[in-house]
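J.: Handing over data-v5.txt, compact mmCIF, C-alpha atoms (C1' of nucleotides).
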# COMPACT_ATOMS: atom_id res chain seq x y z
CA MET B 1 139.48 114.29 94.42
CA GLY B 2 137.17 116.19 96.72
CA LYS B 3 134.33 114.01 95.51
CA TYR B 4 135.78 110.96 97.29
CA LYS B 5 136.55 112.75 100.56
CA GLU B 6 134.09 110.75 102.67
CA ILE B 7 135.21 107.28 101.68
CA LEU B 8 138.90 108.24 101.90
CA ASP B 9 138.34 109.61 105.39
CA HIS B 10 136.67 106.35 106.25
CA ILE B 11 139.68 104.37 105.10
CA ALA B 12 142.07 106.76 106.85
CA ARG B 13 140.53 105.70 110.15
CA TYR B 14 142.05 102.24 109.58
CA VAL B 15 145.16 102.61 107.41
CA GLU B 16 147.27 105.23 105.70
CA LEU B 17 147.37 105.16 101.90
CA SER B 18 150.05 106.87 99.80
CA GLU B 19 149.11 109.41 97.11
CA ARG B 20 149.73 106.80 94.47
CA GLU B 21 147.55 104.22 96.27
CA ILE B 22 144.78 106.75 96.66
CA ALA B 23 144.92 107.45 92.95
CA GLU B 24 144.76 103.75 92.14
CA PHE B 25 141.90 103.20 94.52
CA THR B 26 139.79 106.13 93.38
CA SER B 27 140.29 105.06 89.78
CA ILE B 28 138.10 102.01 90.40
CA LEU B 29 135.29 104.02 92.01
CA LYS B 30 132.10 105.07 90.32
CA THR B 31 129.53 107.46 91.76
CA THR B 32 125.86 106.69 91.21
CA ARG B 33 122.76 108.64 92.11
CA VAL B 34 119.55 106.78 92.90
CA LYS B 35 116.04 108.04 93.58
CA LYS B 36 113.90 107.03 96.51
CA ARG B 37 112.34 103.58 96.04
CA GLN B 38 114.83 102.69 93.32
CA PHE B 39 116.47 99.26 93.52
CA ILE B 40 120.26 98.99 93.52
CA ILE B 41 120.30 95.20 93.88
CA GLN B 42 117.59 92.82 92.72
CA PRO B 43 117.20 89.02 92.99
CA GLY B 44 118.25 87.28 89.82
CA PHE B 45 121.00 89.79 89.00
CA VAL B 46 124.53 89.43 90.34
CA SER B 47 125.39 92.05 92.95
CA GLU B 48 128.52 93.27 91.14
CA TYR B 49 129.51 96.01 93.53
CA ARG B 50 130.46 96.89 97.04
CA ASN B 51 128.41 100.02 97.63
CA TYR B 52 129.33 102.88 99.94
CA ILE B 53 126.66 105.41 100.92
CA VAL B 54 127.86 109.01 100.58
CA LYS B 55 124.45 110.54 101.11
CA GLY B 56 121.03 109.05 101.76
CA ALA B 57 119.70 105.79 103.17
CA VAL B 58 119.42 102.27 101.79
CA ARG B 59 117.97 99.05 103.08
CA VAL B 60 118.79 95.50 102.01
CA PHE B 61 115.95 93.03 102.39
CA TYR B 62 114.85 89.52 101.63
CA LEU B 63 111.41 88.67 100.30
CA ASP B 64 110.29 85.26 101.54
CA ASP B 65 108.00 82.72 99.87
CA LEU B 66 104.98 84.25 101.58
CA GLY B 67 105.81 87.72 100.32
CA LYS B 68 107.04 89.01 103.66
CA GLU B 69 110.02 91.36 103.77
CA HIS B 70 112.94 90.78 106.14
CA THR B 71 115.46 93.59 106.39
CA VAL B 72 119.09 92.49 106.38
CA SER B 73 120.59 95.93 106.91
CA ILE B 74 119.70 99.58 107.14
CA GLY B 75 122.46 101.94 106.05
CA VAL B 76 122.90 105.69 106.07
CA GLU B 77 125.91 107.91 105.33
CA ASP B 78 129.29 106.20 105.71
CA TRP B 79 127.98 102.62 105.49
CA PHE B 80 128.80 99.82 103.06
CA PHE B 81 126.25 97.39 101.72
CA THR B 82 125.90 94.61 99.18
CA ASP B 83 124.40 91.15 98.87
CA PHE B 84 127.59 89.63 100.20
CA HIS B 85 126.90 86.10 99.10
CA SER B 86 126.11 87.17 95.56
CA TYR B 87 129.02 89.60 95.45
CA LEU B 88 131.59 87.07 96.67
CA ASN B 89 130.43 84.15 94.57
CA ARG B 90 129.20 86.00 91.47
CA THR B 91 125.86 84.21 91.81
CA PRO B 92 122.42 85.82 91.38
CA ALA B 93 121.42 87.97 94.34
CA GLU B 94 118.76 86.82 96.77
CA TYR B 95 118.20 90.21 98.31
CA PHE B 96 116.88 93.56 97.21
CA ALA B 97 118.69 96.80 98.01
CA GLU B 98 116.30 99.75 97.88
CA ALA B 99 116.96 103.45 98.35
CA LEU B 100 114.86 104.80 101.23
CA GLU B 101 115.74 108.36 100.16
CA ASP B 102 117.34 109.95 97.13
CA SER B 103 120.93 108.79 97.62
CA ILE B 104 124.47 109.08 96.34
CA ILE B 105 126.50 105.89 96.43
CA ILE B 106 130.03 104.97 95.46
CA GLN B 107 130.42 101.62 93.76
CA MET B 108 133.43 99.38 93.29
CA LYS B 109 133.46 96.15 91.29
CA TYR B 110 134.45 92.82 92.80
CA ASP B 111 137.23 92.17 90.25
CA ASP B 112 138.72 95.63 90.73
CA VAL B 113 138.67 95.32 94.53
CA GLU B 114 140.28 91.90 94.40
CA GLU B 115 142.91 93.01 91.97
CA LEU B 116 143.83 96.02 94.10
CA CYS B 117 143.79 94.01 97.34
CA GLY B 118 146.20 91.62 95.69
CA ARG B 119 148.60 94.46 94.88
CA ILE B 120 148.14 97.01 97.67
CA HIS B 121 148.82 95.62 101.10
CA SER B 122 147.38 98.51 103.09
CA LEU B 123 144.11 98.34 101.16
CA CYS B 124 143.87 94.66 101.95
CA GLN B 125 144.50 95.52 105.60
CA TYR B 126 141.76 98.11 105.52
CA PHE B 127 139.16 95.69 104.21
CA ARG B 128 140.26 93.00 106.63
CA LEU B 129 139.98 95.30 109.65
CA TYR B 130 136.69 96.74 108.52
CA ILE B 131 135.11 93.36 107.85
CA GLU B 132 136.31 91.96 111.18
CA LYS B 133 134.41 94.72 112.90
CA ALA B 134 131.35 94.05 110.79
CA LEU B 135 131.52 90.37 111.72
CA SER B 136 131.71 91.10 115.43
CA HIS B 137 128.66 93.32 114.96
CA SER B 138 126.73 90.69 113.04
CA ASN B 139 127.47 88.08 115.72
CA GLN B 140 126.11 90.47 118.31
CA ARG B 141 122.92 90.88 116.32
CA VAL B 142 122.40 87.13 116.20
CA ILE B 143 122.64 86.92 119.98
CA THR B 144 120.38 89.91 120.52
CA ASN B 145 117.77 88.33 118.27
CA ILE B 146 117.67 85.04 120.13
CA SER B 147 118.14 86.32 123.67
CA LYS B 148 116.00 89.46 123.93
CA THR B 149 112.27 90.11 123.74
CA SER B 150 110.72 92.21 120.97
CA GLU B 151 110.34 95.11 123.33
CA GLU B 152 113.98 95.02 124.41
CA ARG B 153 115.18 94.77 120.83
CA TYR B 154 113.07 97.75 119.85
CA TRP B 155 114.26 100.03 122.65
CA ASP B 156 117.85 98.87 122.27
CA TYR B 157 117.75 99.89 118.64
CA VAL B 158 116.04 103.21 119.25
CA ASN B 159 118.53 104.09 121.99
CA THR B 160 121.57 102.99 120.00
CA TYR B 161 120.56 104.54 116.67
CA PRO B 162 118.02 107.26 117.49
CA GLN B 163 118.70 109.21 114.31
CA ILE B 164 118.21 106.16 112.10
CA ALA B 165 115.07 105.09 113.93
CA ASN B 166 113.56 108.51 113.21
CA ARG B 167 114.63 108.50 109.63
CA VAL B 168 113.28 105.20 108.32
CA PRO B 169 109.66 104.00 108.14
CA GLN B 170 108.51 101.94 111.06
CA TYR B 171 107.74 98.87 108.98
CA VAL B 172 111.38 98.79 107.84
CA LEU B 173 112.60 98.87 111.41
CA ALA B 174 110.02 96.20 112.28
CA SER B 175 111.27 93.85 109.57
CA TYR B 176 114.87 94.52 110.64
CA LEU B 177 114.12 93.56 114.24
CA GLY B 178 111.89 90.61 113.36
CA ILE B 179 108.75 92.16 114.85
CA SER B 180 105.41 92.90 113.20
CA PRO B 181 104.65 96.58 112.51
CA GLU B 182 101.55 96.26 114.67
CA SER B 183 103.61 95.10 117.64
CA ILE B 184 106.01 98.02 117.24
CA SER B 185 103.04 100.31 117.26
CA ARG B 186 101.78 98.75 120.49
CA ILE B 187 105.22 98.91 122.11
CA ARG B 188 105.43 102.60 121.31
CA SER B 189 101.96 103.39 122.61
CA LYS B 190 102.87 101.92 126.00
CA SER B 191 105.02 104.90 126.80
CA MET L 1 155.72 70.92 110.86
CA GLY L 2 153.37 67.98 110.55
CA LYS L 3 151.62 69.17 113.65
CA TYR L 4 150.24 72.22 111.84
CA LYS L 5 149.15 70.38 108.72
CA GLU L 6 145.42 71.02 109.21
CA ILE L 7 145.58 74.76 109.65
CA LEU L 8 148.11 75.16 106.83
CA ASP L 9 145.87 73.18 104.52
CA HIS L 10 143.04 75.46 105.53
CA ILE L 11 145.05 78.54 104.59
CA ALA L 12 146.24 76.93 101.35
CA ARG L 13 142.63 76.85 100.21
CA TYR L 14 142.74 80.67 100.08
CA VAL L 15 146.33 81.77 99.45
CA GLU L 16 149.77 80.35 98.83
CA LEU L 17 152.42 81.01 101.48
CA SER L 18 156.17 80.67 100.89
CA GLU L 19 158.31 78.40 103.07
CA ARG L 20 159.57 81.44 104.95
CA GLU L 21 156.03 82.77 105.54
CA ILE L 22 154.89 79.38 106.77
CA ALA L 23 157.78 79.36 109.22
CA GLU L 24 156.91 82.83 110.48
CA PHE L 25 153.26 81.97 110.81
CA THR L 26 153.75 78.69 112.62
CA SER L 27 156.15 80.39 115.02
CA ILE L 28 153.23 82.33 116.54
CA LEU L 29 151.08 79.21 116.98
CA LYS L 30 150.57 77.37 120.23
CA THR L 31 148.81 74.04 120.60
CA THR L 32 146.57 73.51 123.61
CA ARG L 33 144.69 70.48 124.82
CA VAL L 34 141.45 70.91 126.72
CA LYS L 35 139.20 68.40 128.45
CA LYS L 36 135.46 68.09 128.00
CA ARG L 37 133.56 70.80 129.94
CA GLN L 38 136.69 72.95 130.27
CA PHE L 39 136.38 76.67 129.50
CA ILE L 40 138.68 78.28 126.93
CA ILE L 41 137.11 81.73 127.22
CA GLN L 42 135.32 83.17 130.24
CA PRO L 43 133.52 86.48 130.87
CA GLY L 44 135.74 88.92 132.67
CA PHE L 45 138.94 87.76 131.00
CA VAL L 46 140.14 89.12 127.69
CA SER L 47 139.84 86.61 124.86
CA GLU L 48 143.51 86.87 123.84
CA TYR L 49 143.48 84.33 121.03
CA ARG L 50 142.01 83.34 117.75
CA ASN L 51 141.42 79.63 118.27
CA TYR L 52 141.44 76.97 115.56
CA ILE L 53 140.00 73.54 116.32
CA VAL L 54 142.27 70.69 115.20
CA LYS L 55 140.28 67.97 116.97
CA GLY L 56 137.15 68.03 119.05
CA ALA L 57 134.17 70.34 119.44
CA VAL L 58 133.67 73.70 121.12
CA ARG L 59 130.71 75.95 121.68
CA VAL L 60 130.69 79.67 122.40
CA PHE L 61 127.74 80.88 124.43
CA TYR L 62 126.32 83.86 126.24
CA LEU L 63 124.72 83.61 129.68
CA ASP L 64 121.96 86.18 130.04
CA ASP L 65 120.71 87.95 133.17
CA LEU L 66 118.16 85.22 133.80
CA GLY L 67 120.78 82.49 133.63
CA LYS L 68 119.74 81.26 130.19
CA GLU L 69 122.40 80.13 127.74
CA HIS L 70 122.47 81.34 124.14
CA THR L 71 124.90 79.60 121.83
CA VAL L 72 126.83 81.91 119.51
CA SER L 73 128.66 79.19 117.60
CA ILE L 74 129.22 75.47 117.52
CA GLY L 75 132.57 74.45 116.06
CA VAL L 76 134.18 71.15 115.19
CA GLU L 77 137.39 70.29 113.32
CA ASP L 78 138.68 73.02 110.99
CA TRP L 79 136.71 75.90 112.57
CA PHE L 80 137.88 79.14 114.16
CA PHE L 81 136.30 80.65 117.24
CA THR L 82 136.84 83.48 119.69
CA ASP L 83 134.85 86.21 121.44
CA PHE L 84 135.44 88.54 118.53
CA HIS L 85 134.47 91.71 120.29
CA SER L 86 136.77 90.98 123.21
CA TYR L 87 139.57 89.80 120.94
CA LEU L 88 139.47 92.85 118.69
CA ASN L 89 139.12 95.46 121.41
CA ARG L 90 141.11 93.78 124.19
CA THR L 91 138.11 94.16 126.49
CA PRO L 92 136.79 91.53 128.92
CA ALA L 93 134.91 88.74 127.19
CA GLU L 94 131.14 88.48 127.43
CA TYR L 95 130.96 84.91 126.23
CA PHE L 96 132.07 81.52 127.42
CA ALA L 97 133.83 79.05 125.15
CA GLU L 98 133.44 75.50 126.43
CA ALA L 99 134.87 72.25 125.12
CA LEU L 100 132.06 69.83 124.29
CA GLU L 101 134.62 67.02 123.93
CA ASP L 102 138.30 66.59 124.75
CA SER L 103 139.82 68.85 122.12
CA ILE L 104 143.05 70.06 120.55
CA ILE L 105 143.13 73.71 119.56
CA ILE L 106 145.71 75.97 117.98
CA GLN L 107 145.91 79.45 119.43
CA MET L 108 147.35 82.67 118.03
CA LYS L 109 147.58 85.95 119.92
CA TYR L 110 146.01 89.16 118.67
CA ASP L 111 149.28 91.12 118.67
CA ASP L 112 151.12 88.40 116.82
CA VAL L 113 148.40 88.09 114.19
CA GLU L 114 148.29 91.86 113.68
CA GLU L 115 152.05 92.11 113.46
CA LEU L 116 152.23 89.34 110.86
CA CYS L 117 149.29 90.68 108.87
CA GLY L 118 151.12 94.01 108.74
CA ARG L 119 154.19 92.37 107.26
CA ILE L 120 152.91 89.45 105.22
CA HIS L 121 150.52 90.46 102.51
CA SER L 122 149.27 86.97 101.65
CA LEU L 123 148.42 86.27 105.27
CA CYS L 124 146.43 89.46 105.42
CA GLN L 125 144.65 88.34 102.25
CA TYR L 126 143.88 84.99 103.79
CA PHE L 127 142.23 86.49 106.86
CA ARG L 128 140.34 89.00 104.77
CA LEU L 129 138.93 86.34 102.46
CA TYR L 130 138.10 83.99 105.30
CA ILE L 131 136.34 86.67 107.35
CA GLU L 132 134.35 87.88 104.37
CA LYS L 133 132.95 84.40 104.02
CA ALA L 134 132.19 84.25 107.73
CA LEU L 135 130.34 87.56 107.49
CA SER L 136 128.21 86.39 104.60
CA HIS L 137 127.37 83.33 106.69
CA SER L 138 126.52 85.35 109.77
CA ASN L 139 124.22 87.60 107.73
CA GLN L 140 122.45 84.53 106.47
CA ARG L 141 121.92 83.30 110.01
CA VAL L 142 120.32 86.60 111.01
CA ILE L 143 117.82 86.32 108.17
CA THR L 144 117.08 82.67 108.88
CA ASN L 145 116.39 83.52 112.51
CA ILE L 146 113.89 86.25 111.74
CA SER L 147 112.22 84.70 108.72
CA LYS L 148 111.78 81.03 109.52
CA THR L 149 109.75 79.11 112.09
CA SER L 150 111.40 77.03 114.82
CA GLU L 151 110.59 73.88 112.96
CA GLU L 152 112.16 75.12 109.72
CA ARG L 153 115.29 76.30 111.51
CA TYR L 154 115.66 72.94 113.20
CA TRP L 155 115.32 70.86 110.04
CA ASP L 156 117.47 73.26 108.04
CA TYR L 157 120.25 72.82 110.56
CA VAL L 158 119.93 69.06 110.79
CA ASN L 159 119.96 68.72 107.00
CA THR L 160 122.86 71.11 106.53
CA TYR L 161 125.05 69.82 109.37
CA PRO L 162 123.83 66.29 110.10
CA GLN L 163 127.13 65.18 111.63
CA ILE L 164 127.26 68.16 114.01
CA ALA L 165 123.62 67.75 115.00
CA ASN L 166 124.36 64.17 116.00
CA ARG L 167 127.49 65.08 117.87
CA VAL L 168 126.34 67.83 120.23
CA PRO L 169 123.73 67.67 123.01
CA GLN L 170 120.26 68.74 122.01
CA TYR L 171 120.08 71.61 124.48
CA VAL L 172 123.15 73.15 122.83
CA LEU L 173 121.53 72.98 119.42
CA ALA L 174 118.35 74.40 120.95
CA SER L 175 120.15 77.42 122.38
CA TYR L 176 121.96 77.91 119.06
CA LEU L 177 118.69 77.99 117.14
CA GLY L 178 116.81 80.05 119.71
CA ILE L 179 114.33 77.30 120.54
CA SER L 180 113.58 75.67 123.91
CA PRO L 181 114.87 72.11 124.38
CA GLU L 182 111.28 70.98 124.98
CA SER L 183 110.19 72.34 121.62
CA ILE L 184 113.04 70.58 119.84
CA SER L 185 111.93 67.40 121.49
CA ARG L 186 108.37 67.92 120.26
CA ILE L 187 109.53 68.76 116.74
CA ARG L 188 111.53 65.54 116.62
CA SER L 189 108.70 63.39 117.91
CA LYS L 190 106.46 64.57 115.09
CA SER L 191 108.38 62.46 112.62
C1' DA D 1 93.71 121.43 96.02
C1' DA D 2 92.06 116.93 95.31
C1' DA D 3 92.98 112.22 94.88
C1' DA D 4 95.76 108.40 95.58
C1' DA D 5 99.15 105.98 97.83
C1' DA D 6 101.78 104.84 101.72
C1' DG D 7 102.20 104.36 106.48
C1' DC D 8 100.47 104.02 111.25
C1' DT D 9 97.11 102.64 114.93
C1' DT D 10 93.68 99.88 117.37
C1' DG D 11 90.86 95.87 118.40
C1' DA D 12 89.61 90.94 118.30
C1' DC D 13 91.33 86.57 117.79
C1' DG D 14 94.34 82.57 117.46
C1' DA D 15 98.54 79.90 117.00
C1' DA D 16 103.24 79.06 118.10
C1' DG D 17 106.11 78.18 121.28
C1' DG D 18 107.83 79.08 126.15
C1' DT D 19 107.58 77.60 131.16
C1' DC D 20 107.01 74.49 134.88
C1' DA D 21 106.86 69.99 136.68
C1' DA D 22 107.35 65.16 136.73
C1' DG D 23 109.20 61.02 135.11
C1' DC D 24 112.17 58.26 132.11
C1' DC D 25 116.61 56.73 130.03
C1' DC D 26 121.29 56.21 129.57
C1' DT D 27 126.07 56.71 130.63
C1' DA D 28 129.75 56.90 133.87
C1' DA D 29 131.49 56.67 138.28
C1' DA D 30 131.69 54.29 142.93
C1' DT Q 1 125.74 46.36 139.93
C1' DT Q 2 123.91 50.14 142.11
C1' DT Q 3 123.61 54.98 142.27
C1' DA Q 4 123.89 59.54 140.74
C1' DG Q 5 123.83 63.00 137.27
C1' DG Q 6 123.02 64.67 132.86
C1' DG Q 7 120.04 64.75 129.26
C1' DC Q 8 115.64 63.90 126.93
C1' DT Q 9 110.53 63.48 126.80
C1' DT Q 10 105.71 64.41 127.77
C1' DG Q 11 101.69 66.91 129.55
C1' DA Q 12 99.19 71.04 131.17
C1' DC Q 13 99.03 75.66 131.01
C1' DC Q 14 99.75 80.36 129.67
C1' DT Q 15 102.09 84.34 127.52
C1' DT Q 16 103.68 86.64 123.70
C1' DC Q 17 103.17 88.05 119.48
C1' DG Q 18 101.47 87.54 114.76
C1' DT Q 19 97.35 87.93 111.68
C1' DC Q 20 93.36 90.03 109.79
C1' DA Q 21 90.48 93.86 109.23
C1' DA Q 22 89.05 98.47 109.53
C1' DG Q 23 89.80 103.22 110.02
C1' DC Q 24 92.81 107.15 110.47
C1' DT Q 25 96.84 110.19 109.25
C1' DT Q 26 100.47 111.75 106.52
C1' DT Q 27 102.92 112.16 102.32
C1' DT Q 28 103.18 112.17 97.44
C1' DT Q 29 101.40 112.82 92.94
C1' DT Q 30 98.57 114.93 89.41
Kindly present the structure from the file in structure tokens form.
T.:
Amino acid sequence: MGKYKEILDHIARYVELSEREIAEFTSILKTTRVKKRQFIIQPGFVSEYRNYIVKGAVRVFYLDDLGKEHTVSIGVEDWFFTDFHSYLNRTPAEYFAEALEDSIIIQMKYDDVEELCGRIHSLCQYFRLYIEKALSHSNQRVITNISKTSEERYWDYVNTYPQIANRVPQYVLASYLGISPESISRIRSKS
Amino acid sequence: MGKYKEILDHIARYVELSEREIAEFTSILKTTRVKKRQFIIQPGFVSEYRNYIVKGAVRVFYLDDLGKEHTVSIGVEDWFFTDFHSYLNRTPAEYFAEALEDSIIIQMKYDDVEELCGRIHSLCQYFRLYIEKALSHSNQRVITNISKTSEERYWDYVNTYPQIANRVPQYVLASYLGISPESISRIRSKS
DNA sequence: AAAAAAGCTTGACGAAGGTCAAGCCCTAAA
DNA sequence: TTTAGGGCTTGACCTTCGTCAAGCTTTTTT
């Protein structure tokens, strides 16, 4: 079971699973390798899985009517991602998920997760606690977006996630923060 | 138990609770009445409760360094609100929650909710499912904020929540959408 | 190693929307 | 019914930031 060490450690930070529960949980997992620039989720197809990044980096983005990209999330090791709306409602995705590097991800199907959460209380607890944190984080992002200037948002991000900011292309960061790449360039050149 | 009908109906849309579980759950609930303009959460104090609105309207907002208000959420009947970060971490709140009308809210304490979620599987399921939906919604709001113009955001909101838009002051809606009240006024006068 | 693709920078320009200030309107209290 | 306060509107102005275009640098591919 060494191959699922990372995700099991992640869960262990929230709840304790028995040997039997671990076995049941890992039985629904599937490891997938993707190459840089490969899509894991595409509009039109249902986002069947919750995806956990073991190694690499992935961004989720929305392509608007004018062809502009808007990044929903940037994930590296130990992050989950999916098109949540598509995943929860089994409707076609509206977002792309694209590997920014060659990556290894662990995937778990909606039906399997729901079935296990229905049977295993501690797993249900884990997902509840994890998602609550994610929600608090998402709320914070909304407020940051409407209350701070571009420059503040940029430096906040770079200071909070310096390793991610160095790792992803600047235009990805720009579309995550809602700033044009040119403006990011100008902000950087000021100092 | 007629007094908890609304919130129990809300839960019943996600999971089924036994008589005994309903009794345990309602035992941790407390009903509070607040007057218009009264604060339910204030910066500096821990947001102890998850709050459910039975009747009335409440907004949660952040006051920035320059004294500008930024609305995190606008809730009416059948909505939950809290300062999630404060509630989850038992740290002082950063947001205000203010009654926009005389309101009736149901409150449940963090410790009580956690204790019950640890014991009652279906309640844990309920919160998990509800929060997952809230997260998907919050993600959507982030994307709307960075990808649409002020005018689009305004009309989207008014079309999606016409009854809320009519019920709350325009400056509240403005600070929710990240637009100045003057601009909202101009957008409206165009048509 | 050469060619192509992807990403970053800089400048000129313009539009969207914020700020400030004044006045109006409506509700609720005296 | 008058007055005060809260909320909304309108105008003038100005700042921020996005767009377009061109050139440069770095990375990837053949």
J.: Counting all atoms listed in the file, which residues of chain B sit at most 6 Å from some atom of chain L, and what is each one's closest atom pair with its distance in Å to one decimal, listed by chain and rising residue number, as CSV?
T.:
residue,atom,partner,partner_atom,distance
B:Phe84,CA,L:Ser136,CA,5.5
B:His85,CA,L:Ser136,CA,5.7
B:His121,CA,L:His121,CA,5.6
B:Arg128,CA,L:Arg128,CA,4.4
B:Leu135,CA,L:Leu135,CA,5.2
B:Ser136,CA,L:Phe84,CA,5.5
B:Val142,CA,L:Val142,CA,5.6
B:Ile146,CA,L:Gly178,CA,5.1
B:Gly178,CA,L:Ile146,CA,5.1
J.: Could you save the residues just selected, with C-alpha atoms, as an mmCIF file, in the frame of the given file?
T.:
data_model
loop_
_atom_site.group_PDB
_atom_site.id
_atom_site.type_symbol
_atom_site.label_atom_id
_atom_site.label_comp_id
_atom_site.auth_asym_id
_atom_site.auth_seq_id
_atom_site.Cartn_x
_atom_site.Cartn_y
_atom_site.Cartn_z
ATOM 1 C CA PHE B 84 127.590 89.630 100.200
ATOM 2 C CA HIS B 85 126.900 86.100 99.100
ATOM 3 C CA HIS B 121 148.820 95.620 101.100
ATOM 4 C CA ARG B 128 140.260 93.000 106.630
ATOM 5 C CA LEU B 135 131.520 90.370 111.720
ATOM 6 C CA SER B 136 131.710 91.100 115.430
ATOM 7 C CA VAL B 142 122.400 87.130 116.200
ATOM 8 C CA ILE B 146 117.670 85.040 120.130
ATOM 9 C CA GLY B 178 111.890 90.610 113.360
#
J.: Up to 9 Å from chain Q, what residues of chain B turn up? Count all atoms listed in the file and give them as a PDB file with C-alpha atoms, keeping the file's coordinate frame.
T.:
ATOM      1  CA  SER B 150     110.720  92.210 120.970  1.00  0.00           C
ATOM      2  CA  ILE B 179     108.750  92.160 114.850  1.00  0.00           C
ATOM      3  CA  SER B 180     105.410  92.900 113.200  1.00  0.00           C
ATOM      4  CA  GLU B 182     101.550  96.260 114.670  1.00  0.00           C
ATOM      5  CA  SER B 183     103.610  95.100 117.640  1.00  0.00           C
TER       6      SER B 183
END
J.: Out of D:DC8, D:DC26, D:DA15, D:DC20, which residue has the shortest atom-to-atom distance to chain B when counting all atoms listed in the file?
T.: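 That would be D:DC8, the residue with the smallest distance to chain B.
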J.: Given the choices L:Gln170, L:Thr149, L:Thr160, L:Thr91, which gets closest to DA16 in chain D if the distance is worked out from all atoms listed in the file?
T.: L:Thr149
J.: Output the contact residues of chain D with respect to chain B at a cut-off of 12 Å, based on only C-alpha atoms (C1' of nucleotides), as a list in words.
T.: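 Applying the cut-off to the listed atoms yields DA6, DG7, DC8, DT9, DT10 and DG11 of chain D.
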J.: Using Å and a single decimal, report how far CA of Glu115 in chain L sits from CA of Ile40 in chain L.
T.: 23.5 Å
J.: For CA of Lys109 in chain B and CA of Val46 in chain B, quote the distance in Å rounded to one decimal.
T.: 11.2 Å
J.: Report the distance between CA of Phe80 in chain B and CA of Gln107 in chain B in Å, rounded to one decimal place.
T.: 9.6 Å
J.: Tell me which of L:Trp155, L:Phe45, L:Phe25, L:Tyr161 sits closest to Ile187 in chain L, counting only C-alpha atoms.
T.: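 Going through L:Trp155, L:Phe45, L:Phe25, L:Tyr161 one by one, the smallest distance to Ile187 in chain L is for L:Trp155.
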J.: Give the answer as one residue: which of L:Lys55, L:Arg37, L:Arg153, L:Lys3 has the shortest atom-to-atom distance to Leu173 in chain L, using all atoms listed in the file?
T.: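 When distances to Leu173 in chain L are compared using all atoms listed in the file, the smallest one comes from L:Arg153.
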J.: Calculate, to one decimal in Å, the centre and edge lengths of the box along x, y and z of the file that holds all listed atoms of range 2-11 of chain D with 8 Å of margin on each side, and present them as AutoDock Vina command-line options.
T.:
--center_x 96.5 --center_y 106.4 --center_z 106.6 --size_x 27.3 --size_y 37.1 --size_z 39.5
J.: Would you please work out which residue, of L:Ala174, L:Ile28, L:Leu123, L:Ile74, is nearest to Ala99 in chain L when using all atoms listed in the file?
T.: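 Closest to Ala99 in chain L, using all atoms listed in the file: L:Ile74.
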J.: Rank L:Tyr52, L:Gly75, L:Thr31, L:Glu24 by their smallest atom-to-atom distance to Arg167 in chain L, using only C-alpha atoms, and report the top residue only.
T.: L:Gly75
